[in-house]
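Pasted below: work-v1.cif, mmCIF, C-alpha atoms.
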```cif
data_start
loop_
_atom_site.group_PDB
_atom_site.id
_atom_site.type_symbol
_atom_site.label_atom_id
_atom_site.label_comp_id
_atom_site.auth_asym_id
_atom_site.auth_seq_id
_atom_site.Cartn_x
_atom_site.Cartn_y
_atom_site.Cartn_z
ATOM 1 C CA MET A 1333 0.000 0.000 0.000
ATOM 2 C CA ALA A 1334 2.849 2.425 0.849
ATOM 3 C CA LYS A 1335 4.541 1.652 -2.482
ATOM 4 C CA PHE A 1336 1.323 2.457 -4.351
ATOM 5 C CA PHE A 1337 0.978 5.739 -2.431
ATOM 6 C CA ILE A 1338 4.562 6.809 -3.298
ATOM 7 C CA VAL A 1339 4.062 5.981 -6.994
ATOM 8 C CA PHE A 1340 0.749 7.848 -6.977
ATOM 9 C CA LEU A 1341 2.289 10.898 -5.291
ATOM 10 C CA ALA A 1342 5.246 10.968 -7.730
ATOM 11 C CA SER A 1343 2.881 10.663 -10.700
ATOM 12 C CA ALA A 1344 0.688 13.486 -9.392
ATOM 13 C CA LEU A 1345 3.736 15.726 -8.925
ATOM 14 C CA CYS A 1346 4.955 15.050 -12.478
ATOM 15 C CA PHE A 1347 1.465 15.634 -13.868
ATOM 16 C CA THR A 1348 1.027 19.003 -12.102
ATOM 17 C CA THR A 1349 4.464 20.130 -13.303
ATOM 18 C CA LEU A 1350 3.555 19.205 -16.863
ATOM 19 C CA ILE A 1351 0.264 21.138 -16.615
ATOM 20 C CA HIS A 1352 2.133 24.176 -15.293
ATOM 21 C CA PHE A 1353 4.520 24.242 -18.270
ATOM 22 C CA THR A 1354 1.818 23.680 -20.876
ATOM 23 C CA ALA A 1355 -0.342 26.445 -19.410
ATOM 24 C CA ALA A 1356 2.471 29.015 -19.510
ATOM 25 C CA ASP A 1357 2.638 31.380 -22.481
ATOM 26 C CA ALA A 1358 5.745 31.340 -24.621
ATOM 27 C CA ASP A 1359 6.261 34.974 -23.593
ATOM 28 C CA ASP A 1360 6.613 33.927 -19.948
ATOM 29 C CA PHE A 1361 10.055 32.643 -20.839
ATOM 30 C CA ASP A 1362 11.044 35.907 -22.610
ATOM 31 C CA LYS A 1363 10.434 38.444 -19.864
ATOM 32 C CA PHE A 1364 13.337 40.775 -19.106
ATOM 33 C CA HIS A 1365 13.804 43.110 -16.157
ATOM 34 C CA ILE A 1366 16.082 46.046 -17.029
ATOM 35 C CA LYS A 1367 17.705 48.259 -14.404
ATOM 36 C CA GLY A 1368 20.239 51.055 -14.566
ATOM 37 C CA SER A 1369 21.093 54.527 -13.294
ATOM 38 C CA VAL A 1370 21.554 58.086 -14.564
ATOM 39 C CA TYR A 1371 24.055 60.593 -13.177
ATOM 40 C CA CYS A 1372 25.156 64.178 -13.697
ATOM 41 C CA ASP A 1373 28.696 64.268 -15.088
ATOM 42 C CA THR A 1374 29.783 67.387 -13.203
ATOM 43 C CA CYS A 1375 33.288 67.350 -14.741
ATOM 44 C CA ARG A 1376 32.301 66.574 -18.370
ATOM 45 C CA VAL A 1377 34.626 63.543 -18.586
ATOM 46 C CA GLN A 1378 31.930 60.909 -19.305
ATOM 47 C CA PHE A 1379 32.661 58.687 -16.315
ATOM 48 C CA ILE A 1380 31.611 58.795 -12.678
ATOM 49 C CA THR A 1381 33.830 60.757 -10.289
ATOM 50 C CA ARG A 1382 33.411 61.548 -6.601
ATOM 51 C CA LEU A 1383 31.776 64.822 -7.682
ATOM 52 C CA SER A 1384 29.105 63.147 -9.833
ATOM 53 C CA LYS A 1385 25.533 63.079 -8.545
ATOM 54 C CA PHE A 1386 22.750 60.694 -9.444
ATOM 55 C CA LEU A 1387 19.650 62.325 -10.917
ATOM 56 C CA GLU A 1388 16.078 61.912 -9.742
ATOM 57 C CA GLY A 1389 13.466 62.372 -12.475
ATOM 58 C CA ALA A 1390 15.722 61.736 -15.490
ATOM 59 C CA LYS A 1391 14.050 60.075 -18.492
ATOM 60 C CA VAL A 1392 15.587 57.212 -20.442
ATOM 61 C CA LYS A 1393 14.248 55.302 -23.424
ATOM 62 C CA LEU A 1394 14.702 51.733 -24.583
ATOM 63 C CA GLU A 1395 14.708 51.535 -28.364
ATOM 64 C CA CYS A 1396 15.037 48.355 -30.419
ATOM 65 C CA LYS A 1397 15.638 48.486 -34.183
ATOM 66 C CA GLY A 1398 15.799 45.810 -36.849
ATOM 67 C CA ARG A 1399 19.376 44.937 -37.801
ATOM 68 C CA GLU A 1400 18.712 45.098 -41.542
ATOM 69 C CA ASN A 1401 16.436 48.088 -42.092
ATOM 70 C CA GLN A 1402 16.790 50.039 -38.800
ATOM 71 C CA THR A 1403 13.001 50.069 -38.360
ATOM 72 C CA VAL A 1404 12.028 50.791 -34.763
ATOM 73 C CA THR A 1405 10.322 47.706 -33.349
ATOM 74 C CA LEU A 1406 10.064 48.628 -29.651
ATOM 75 C CA THR A 1407 10.227 51.780 -27.535
ATOM 76 C CA LYS A 1408 9.692 52.087 -23.817
ATOM 77 C CA GLU A 1409 10.480 54.935 -21.408
ATOM 78 C CA ALA A 1410 11.360 55.016 -17.724
ATOM 79 C CA VAL A 1411 12.018 57.723 -15.122
ATOM 80 C CA THR A 1412 14.656 57.544 -12.394
ATOM 81 C CA ASP A 1413 13.766 57.381 -8.706
ATOM 82 C CA ASN A 1414 15.264 59.494 -5.882
ATOM 83 C CA ALA A 1415 18.506 57.443 -6.027
ATOM 84 C CA GLY A 1416 18.884 57.934 -9.792
ATOM 85 C CA ASN A 1417 17.859 54.349 -10.631
ATOM 86 C CA TYR A 1418 15.344 53.241 -13.246
ATOM 87 C CA GLN A 1419 13.663 49.939 -13.968
ATOM 88 C CA MET A 1420 11.529 48.585 -16.788
ATOM 89 C CA GLU A 1421 10.110 45.258 -17.850
ATOM 90 C CA VAL A 1422 10.140 44.042 -21.456
ATOM 91 C CA MET A 1423 8.294 41.073 -22.895
ATOM 92 C CA GLY A 1424 9.355 39.117 -25.946
ATOM 93 C CA ASP A 1425 12.579 37.997 -27.561
ATOM 94 C CA HIS A 1426 14.489 40.640 -29.543
ATOM 95 C CA GLU A 1427 17.376 38.511 -30.818
ATOM 96 C CA GLU A 1428 17.285 39.924 -34.356
ATOM 97 C CA GLU A 1429 17.239 43.549 -33.175
ATOM 98 C CA VAL A 1430 19.723 46.074 -31.825
ATOM 99 C CA CYS A 1431 18.425 47.444 -28.519
ATOM 100 C CA GLU A 1432 19.800 50.485 -26.685
ATOM 101 C CA ILE A 1433 18.970 52.568 -23.650
ATOM 102 C CA VAL A 1434 19.380 56.278 -24.481
ATOM 103 C CA LEU A 1435 19.115 59.447 -22.430
ATOM 104 C CA VAL A 1436 15.988 61.489 -23.138
ATOM 105 C CA GLN A 1437 15.615 64.318 -20.621
ATOM 106 C CA SER A 1438 17.426 65.629 -17.563
ATOM 107 C CA PRO A 1439 15.554 67.151 -14.619
ATOM 108 C CA ASP A 1440 18.488 69.519 -13.992
ATOM 109 C CA PRO A 1441 18.696 72.420 -16.487
ATOM 110 C CA GLU A 1442 22.362 72.955 -15.564
ATOM 111 C CA CYS A 1443 23.167 69.307 -16.274
ATOM 112 C CA GLY A 1444 21.398 68.352 -19.491
ATOM 113 C CA ASP A 1445 24.043 68.087 -22.212
ATOM 114 C CA VAL A 1446 24.362 64.801 -24.112
ATOM 115 C CA ASN A 1447 27.330 64.010 -26.322
ATOM 116 C CA ASN A 1448 25.858 62.930 -29.669
ATOM 117 C CA GLN A 1449 29.118 62.157 -31.472
ATOM 118 C CA GLU A 1450 28.768 58.589 -32.724
ATOM 119 C CA PHE A 1451 31.980 57.308 -31.130
ATOM 120 C CA LEU A 1452 31.047 58.927 -27.797
ATOM 121 C CA ARG A 1453 27.299 58.370 -28.018
ATOM 122 C CA ASN A 1454 25.895 58.123 -24.526
ATOM 123 C CA ALA A 1455 23.824 54.984 -24.988
ATOM 124 C CA ALA A 1456 24.017 51.459 -23.659
ATOM 125 C CA ARG A 1457 23.403 48.419 -25.846
ATOM 126 C CA ILE A 1458 21.435 45.625 -24.279
ATOM 127 C CA SER A 1459 20.787 42.004 -25.210
ATOM 128 C CA LEU A 1460 17.107 41.094 -24.956
ATOM 129 C CA THR A 1461 17.143 37.439 -25.870
ATOM 130 C CA ALA A 1462 17.335 34.242 -23.851
ATOM 131 C CA ASN A 1463 19.470 32.810 -26.650
ATOM 132 C CA ASP A 1464 22.675 34.736 -25.887
ATOM 133 C CA GLY A 1465 24.543 32.630 -23.354
ATOM 134 C CA ILE A 1466 23.801 34.937 -20.430
ATOM 135 C CA VAL A 1467 22.968 32.708 -17.471
ATOM 136 C CA SER A 1468 20.354 35.001 -15.949
ATOM 137 C CA ASN A 1469 17.856 35.705 -18.696
ATOM 138 C CA GLU A 1470 15.676 37.685 -16.310
ATOM 139 C CA THR A 1471 17.678 40.751 -15.207
ATOM 140 C CA ARG A 1472 19.788 43.026 -17.389
ATOM 141 C CA THR A 1473 21.879 45.630 -15.546
ATOM 142 C CA ILE A 1474 22.920 48.581 -17.691
ATOM 143 C CA ASN A 1475 26.065 50.697 -17.257
ATOM 144 C CA PRO A 1476 25.315 54.130 -15.768
ATOM 145 C CA LEU A 1477 24.465 56.846 -18.296
ATOM 146 C CA GLY A 1478 25.353 60.481 -17.675
ATOM 147 C CA PHE A 1479 24.137 63.904 -18.669
ATOM 148 C CA MET A 1480 26.968 66.451 -18.731
ATOM 149 C CA ARG A 1481 27.007 69.722 -16.842
ATOM 150 C CA LYS A 1482 27.223 72.796 -19.069
ATOM 151 C CA THR A 1483 30.378 73.975 -17.273
ATOM 152 C CA PRO A 1484 32.584 71.734 -15.109
ATOM 153 C CA LEU A 1485 32.710 72.345 -11.373
ATOM 154 C CA ALA A 1486 35.708 74.240 -9.958
ATOM 155 C CA GLU A 1487 36.591 71.174 -7.830
ATOM 156 C CA CYS A 1488 37.158 68.930 -10.873
ATOM 157 C CA PRO A 1489 40.912 69.545 -11.303
ATOM 158 C CA GLN A 1490 41.496 68.453 -7.694
ATOM 159 C CA ALA A 1491 39.387 65.318 -8.209
ATOM 160 C CA PHE A 1492 41.430 64.453 -11.315
ATOM 161 C CA LYS A 1493 44.679 65.056 -9.454
ATOM 162 C CA GLU A 1494 43.518 62.571 -6.795
ATOM 163 C CA LEU A 1495 42.883 60.037 -9.565
ATOM 164 C CA GLY A 1496 46.250 60.734 -11.196
ATOM 165 C CA ILE A 1497 44.744 61.717 -14.552
ATOM 166 C CA VAL A 1498 44.822 64.811 -16.735
ATOM 167 C CA PRO A 1499 41.653 64.882 -18.837
ATOM 168 C CA ASP A 1500 41.190 66.862 -22.034
ATOM 169 C CA VAL A 1501 38.749 69.323 -20.436
ATOM 170 C CA THR A 1502 38.965 73.093 -20.243
ATOM 171 C CA PHE A 1503 38.131 74.570 -16.830
#
```

Written form, structure tokens:
Amino acid sequence: MAKFFIVFLASALCFTTLIHFTAADADDFDKFHIKGSVYCDTCRVQFITRLSKFLEGAKVKLECKGRENQTVTLTKEAVTDNAGNYQMEVMGDHEEEVCEIVLVQSPDPECGDVNNQEFLRNAARISLTANDGIVSNETRTINPLGFMRKTPLAECPQAFKELGIVPDVTF
């Protein structure tokens, strides 16, 4: 009787697992959680320094385009919280597309410049496919993106000296 009960219990467990997988949509397996942050580049060097500050209320946009014809296939916007972090959720596999997070709008009028030169473009590419070898196909963490201050802070040269660098910036 105990052997029958164990076989029955194992069969029921396998059956419920099978029902769970068949009831799930295909999109349930292609759901991506994107998170990142936006900062004010107070020294106009395009990397975070001790003088940088993270921006609350900055807007970013996810944009996916077809590789062949550059047709926009997906856009989604997010706004940063009080710590300068944003999050968004994307459904679907975008393996055949180029997806990027780009800066849209800064809440700080003094810190709203974006470098649009192609080789310095302030955007972050992101892989939105489960077929890319990334172990966690749920969360994508993006490098911080920064708006630049119109004029660098007076403290910037000292911060660079502490880092042992001499940037190509006029103060």

Inset, instruction - Would you mind reading off the distance between CA of Tyr1418 (chain A) and CA of Asn1475 (chain A), one decimal, in Å? - result: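 Result for CA of Tyr1418 (chain A) versus CA of Asn1475 (chain A): 11.7 Å, one decimal.
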
Legend entry - Atomic distance CA of Thr1473 (chain A) - CA of Asp1440 (chain A), expressed in Å with one decimal: 24.2 Å

Which residues fall under the PyMOL selection byres ((chain A and resi 1422) around 7) in this file, as a compact mmCIF listing (two decimals) with C-alpha atoms, in the coordinates of the input?
```
# COMPACT_ATOMS: atom_id res chain seq x y z
CA LYS A 1363 10.43 38.44 -19.86
CA PHE A 1364 13.34 40.78 -19.11
CA HIS A 1365 13.80 43.11 -16.16
CA MET A 1420 11.53 48.58 -16.79
CA GLU A 1421 10.11 45.26 -17.85
CA MET A 1423 8.29 41.07 -22.90
CA GLY A 1424 9.36 39.12 -25.95
```

Inset, instruction - I would like the residues chosen by the PyMOL selection byres ((chain A and resi 1368) around 8) on the shown file; could you give them as a list of chain:residue names? - result: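 Checking the PyMOL selection byres ((chain A and resi 1368) around 8) against this file, the residues are A:Ile1366, A:Lys1367, A:Ser1369, A:Val1370, A:Asn1417, A:Tyr1418, A:Gln1419, A:Thr1473, A:Ile1474, A:Asn1475, A:Pro1476.
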
Inset, instruction - Using all atoms listed in the file, determine which residues lie at most 9 Å from region 1431-1438 of chain A, disregarding the query and same-chain residues fewer than 4 positions distant; provide the list as a PyMOL selection string. - result: chain A and resi 1370+1372+1387-1398+1406+1409+1426+1443-1446+1453-1460+1474+1477-1479

Inset, instruction - Rank nothing, just name the residue among A:Ser1384, A:Thr1412, A:Thr1471, A:Gln1378 nearest to Leu1485 (chain A), using all atoms listed in the file. - result: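 For Leu1485 (chain A), the nearest of the candidates is A:Ser1384.
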
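From CA of Arg1399 (chain A) back to CA of Ala1462 (chain A), the distance works out to 17.7 Å.
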
Inset, instruction - Would you translate the PyMOL selection byres ((chain A and resi 1490-1492) around 12) into the concrete set of residues it matches in this file, as a list in words? - result: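 Applying the PyMOL selection byres ((chain A and resi 1490-1492) around 12) to the structure shown produces Thr1374, Cys1375, Arg1376, Val1377, Phe1379, Ile1380, Thr1381, Arg1382, Leu1383, Ser1384, Pro1484, Leu1485, Ala1486, Glu1487, Cys1488, Pro1489, Lys1493, Glu1494, Leu1495, Gly1496, Ile1497, Val1498, Pro1499, Asp1500, Val1501 and Phe1503 of chain A.
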
Is there a way to complete region 1380-1391 of chain A with N, CA, C and O atoms and then write that out as a PDB file, in the frame of the given file?
```
ATOM      1  N   ILE A1380      32.006  58.372 -14.024  1.00  0.00           N
ATOM      2  CA  ILE A1380      31.611  58.795 -12.678  1.00  0.00           C
ATOM      3  C   ILE A1380      32.848  59.158 -11.859  1.00  0.00           C
ATOM      4  O   ILE A1380      33.823  58.406 -11.836  1.00  0.00           O
ATOM      5  N   THR A1381      32.791  60.316 -11.221  1.00  0.00           N
ATOM      6  CA  THR A1381      33.830  60.757 -10.289  1.00  0.00           C
ATOM      7  C   THR A1381      33.178  60.957  -8.924  1.00  0.00           C
ATOM      8  O   THR A1381      31.961  60.824  -8.785  1.00  0.00           O
ATOM      9  N   ARG A1382      33.980  61.314  -7.937  1.00  0.00           N
ATOM     10  CA  ARG A1382      33.411  61.548  -6.601  1.00  0.00           C
ATOM     11  C   ARG A1382      32.499  62.775  -6.578  1.00  0.00           C
ATOM     12  O   ARG A1382      31.706  62.948  -5.668  1.00  0.00           O
ATOM     13  N   LEU A1383      32.598  63.621  -7.604  1.00  0.00           N
ATOM     14  CA  LEU A1383      31.776  64.822  -7.682  1.00  0.00           C
ATOM     15  C   LEU A1383      30.462  64.601  -8.448  1.00  0.00           C
ATOM     16  O   LEU A1383      29.601  65.471  -8.460  1.00  0.00           O
ATOM     17  N   SER A1384      30.332  63.448  -9.084  1.00  0.00           N
ATOM     18  CA  SER A1384      29.105  63.147  -9.833  1.00  0.00           C
ATOM     19  C   SER A1384      27.935  62.991  -8.871  1.00  0.00           C
ATOM     20  O   SER A1384      28.113  62.605  -7.712  1.00  0.00           O
ATOM     21  N   LYS A1385      26.741  63.284  -9.365  1.00  0.00           N
ATOM     22  CA  LYS A1385      25.533  63.079  -8.545  1.00  0.00           C
ATOM     23  C   LYS A1385      24.500  62.340  -9.388  1.00  0.00           C
ATOM     24  O   LYS A1385      24.389  62.557 -10.597  1.00  0.00           O
ATOM     25  N   PHE A1386      23.788  61.445  -8.739  1.00  0.00           N
ATOM     26  CA  PHE A1386      22.750  60.694  -9.444  1.00  0.00           C
ATOM     27  C   PHE A1386      21.481  61.525  -9.501  1.00  0.00           C
ATOM     28  O   PHE A1386      21.160  62.262  -8.567  1.00  0.00           O
ATOM     29  N   LEU A1387      20.771  61.435 -10.633  1.00  0.00           N
ATOM     30  CA  LEU A1387      19.650  62.325 -10.917  1.00  0.00           C
ATOM     31  C   LEU A1387      18.297  61.664 -10.687  1.00  0.00           C
ATOM     32  O   LEU A1387      18.018  60.598 -11.243  1.00  0.00           O
ATOM     33  N   GLU A1388      17.471  62.332  -9.915  1.00  0.00           N
ATOM     34  CA  GLU A1388      16.078  61.912  -9.742  1.00  0.00           C
ATOM     35  C   GLU A1388      15.239  62.580 -10.824  1.00  0.00           C
ATOM     36  O   GLU A1388      15.387  63.765 -11.098  1.00  0.00           O
ATOM     37  N   GLY A1389      14.372  61.813 -11.479  1.00  0.00           N
ATOM     38  CA  GLY A1389      13.466  62.372 -12.475  1.00  0.00           C
ATOM     39  C   GLY A1389      14.018  62.413 -13.891  1.00  0.00           C
ATOM     40  O   GLY A1389      13.394  63.003 -14.773  1.00  0.00           O
ATOM     41  N   ALA A1390      15.167  61.788 -14.129  1.00  0.00           N
ATOM     42  CA  ALA A1390      15.722  61.736 -15.490  1.00  0.00           C
ATOM     43  C   ALA A1390      14.954  60.707 -16.315  1.00  0.00           C
ATOM     44  O   ALA A1390      14.534  59.677 -15.797  1.00  0.00           O
ATOM     45  N   LYS A1391      14.755  61.000 -17.600  1.00  0.00           N
ATOM     46  CA  LYS A1391      14.050  60.075 -18.492  1.00  0.00           C
ATOM     47  C   LYS A1391      15.036  59.346 -19.386  1.00  0.00           C
ATOM     48  O   LYS A1391      15.946  59.960 -19.938  1.00  0.00           O
TER      49      LYS A1391
END
```
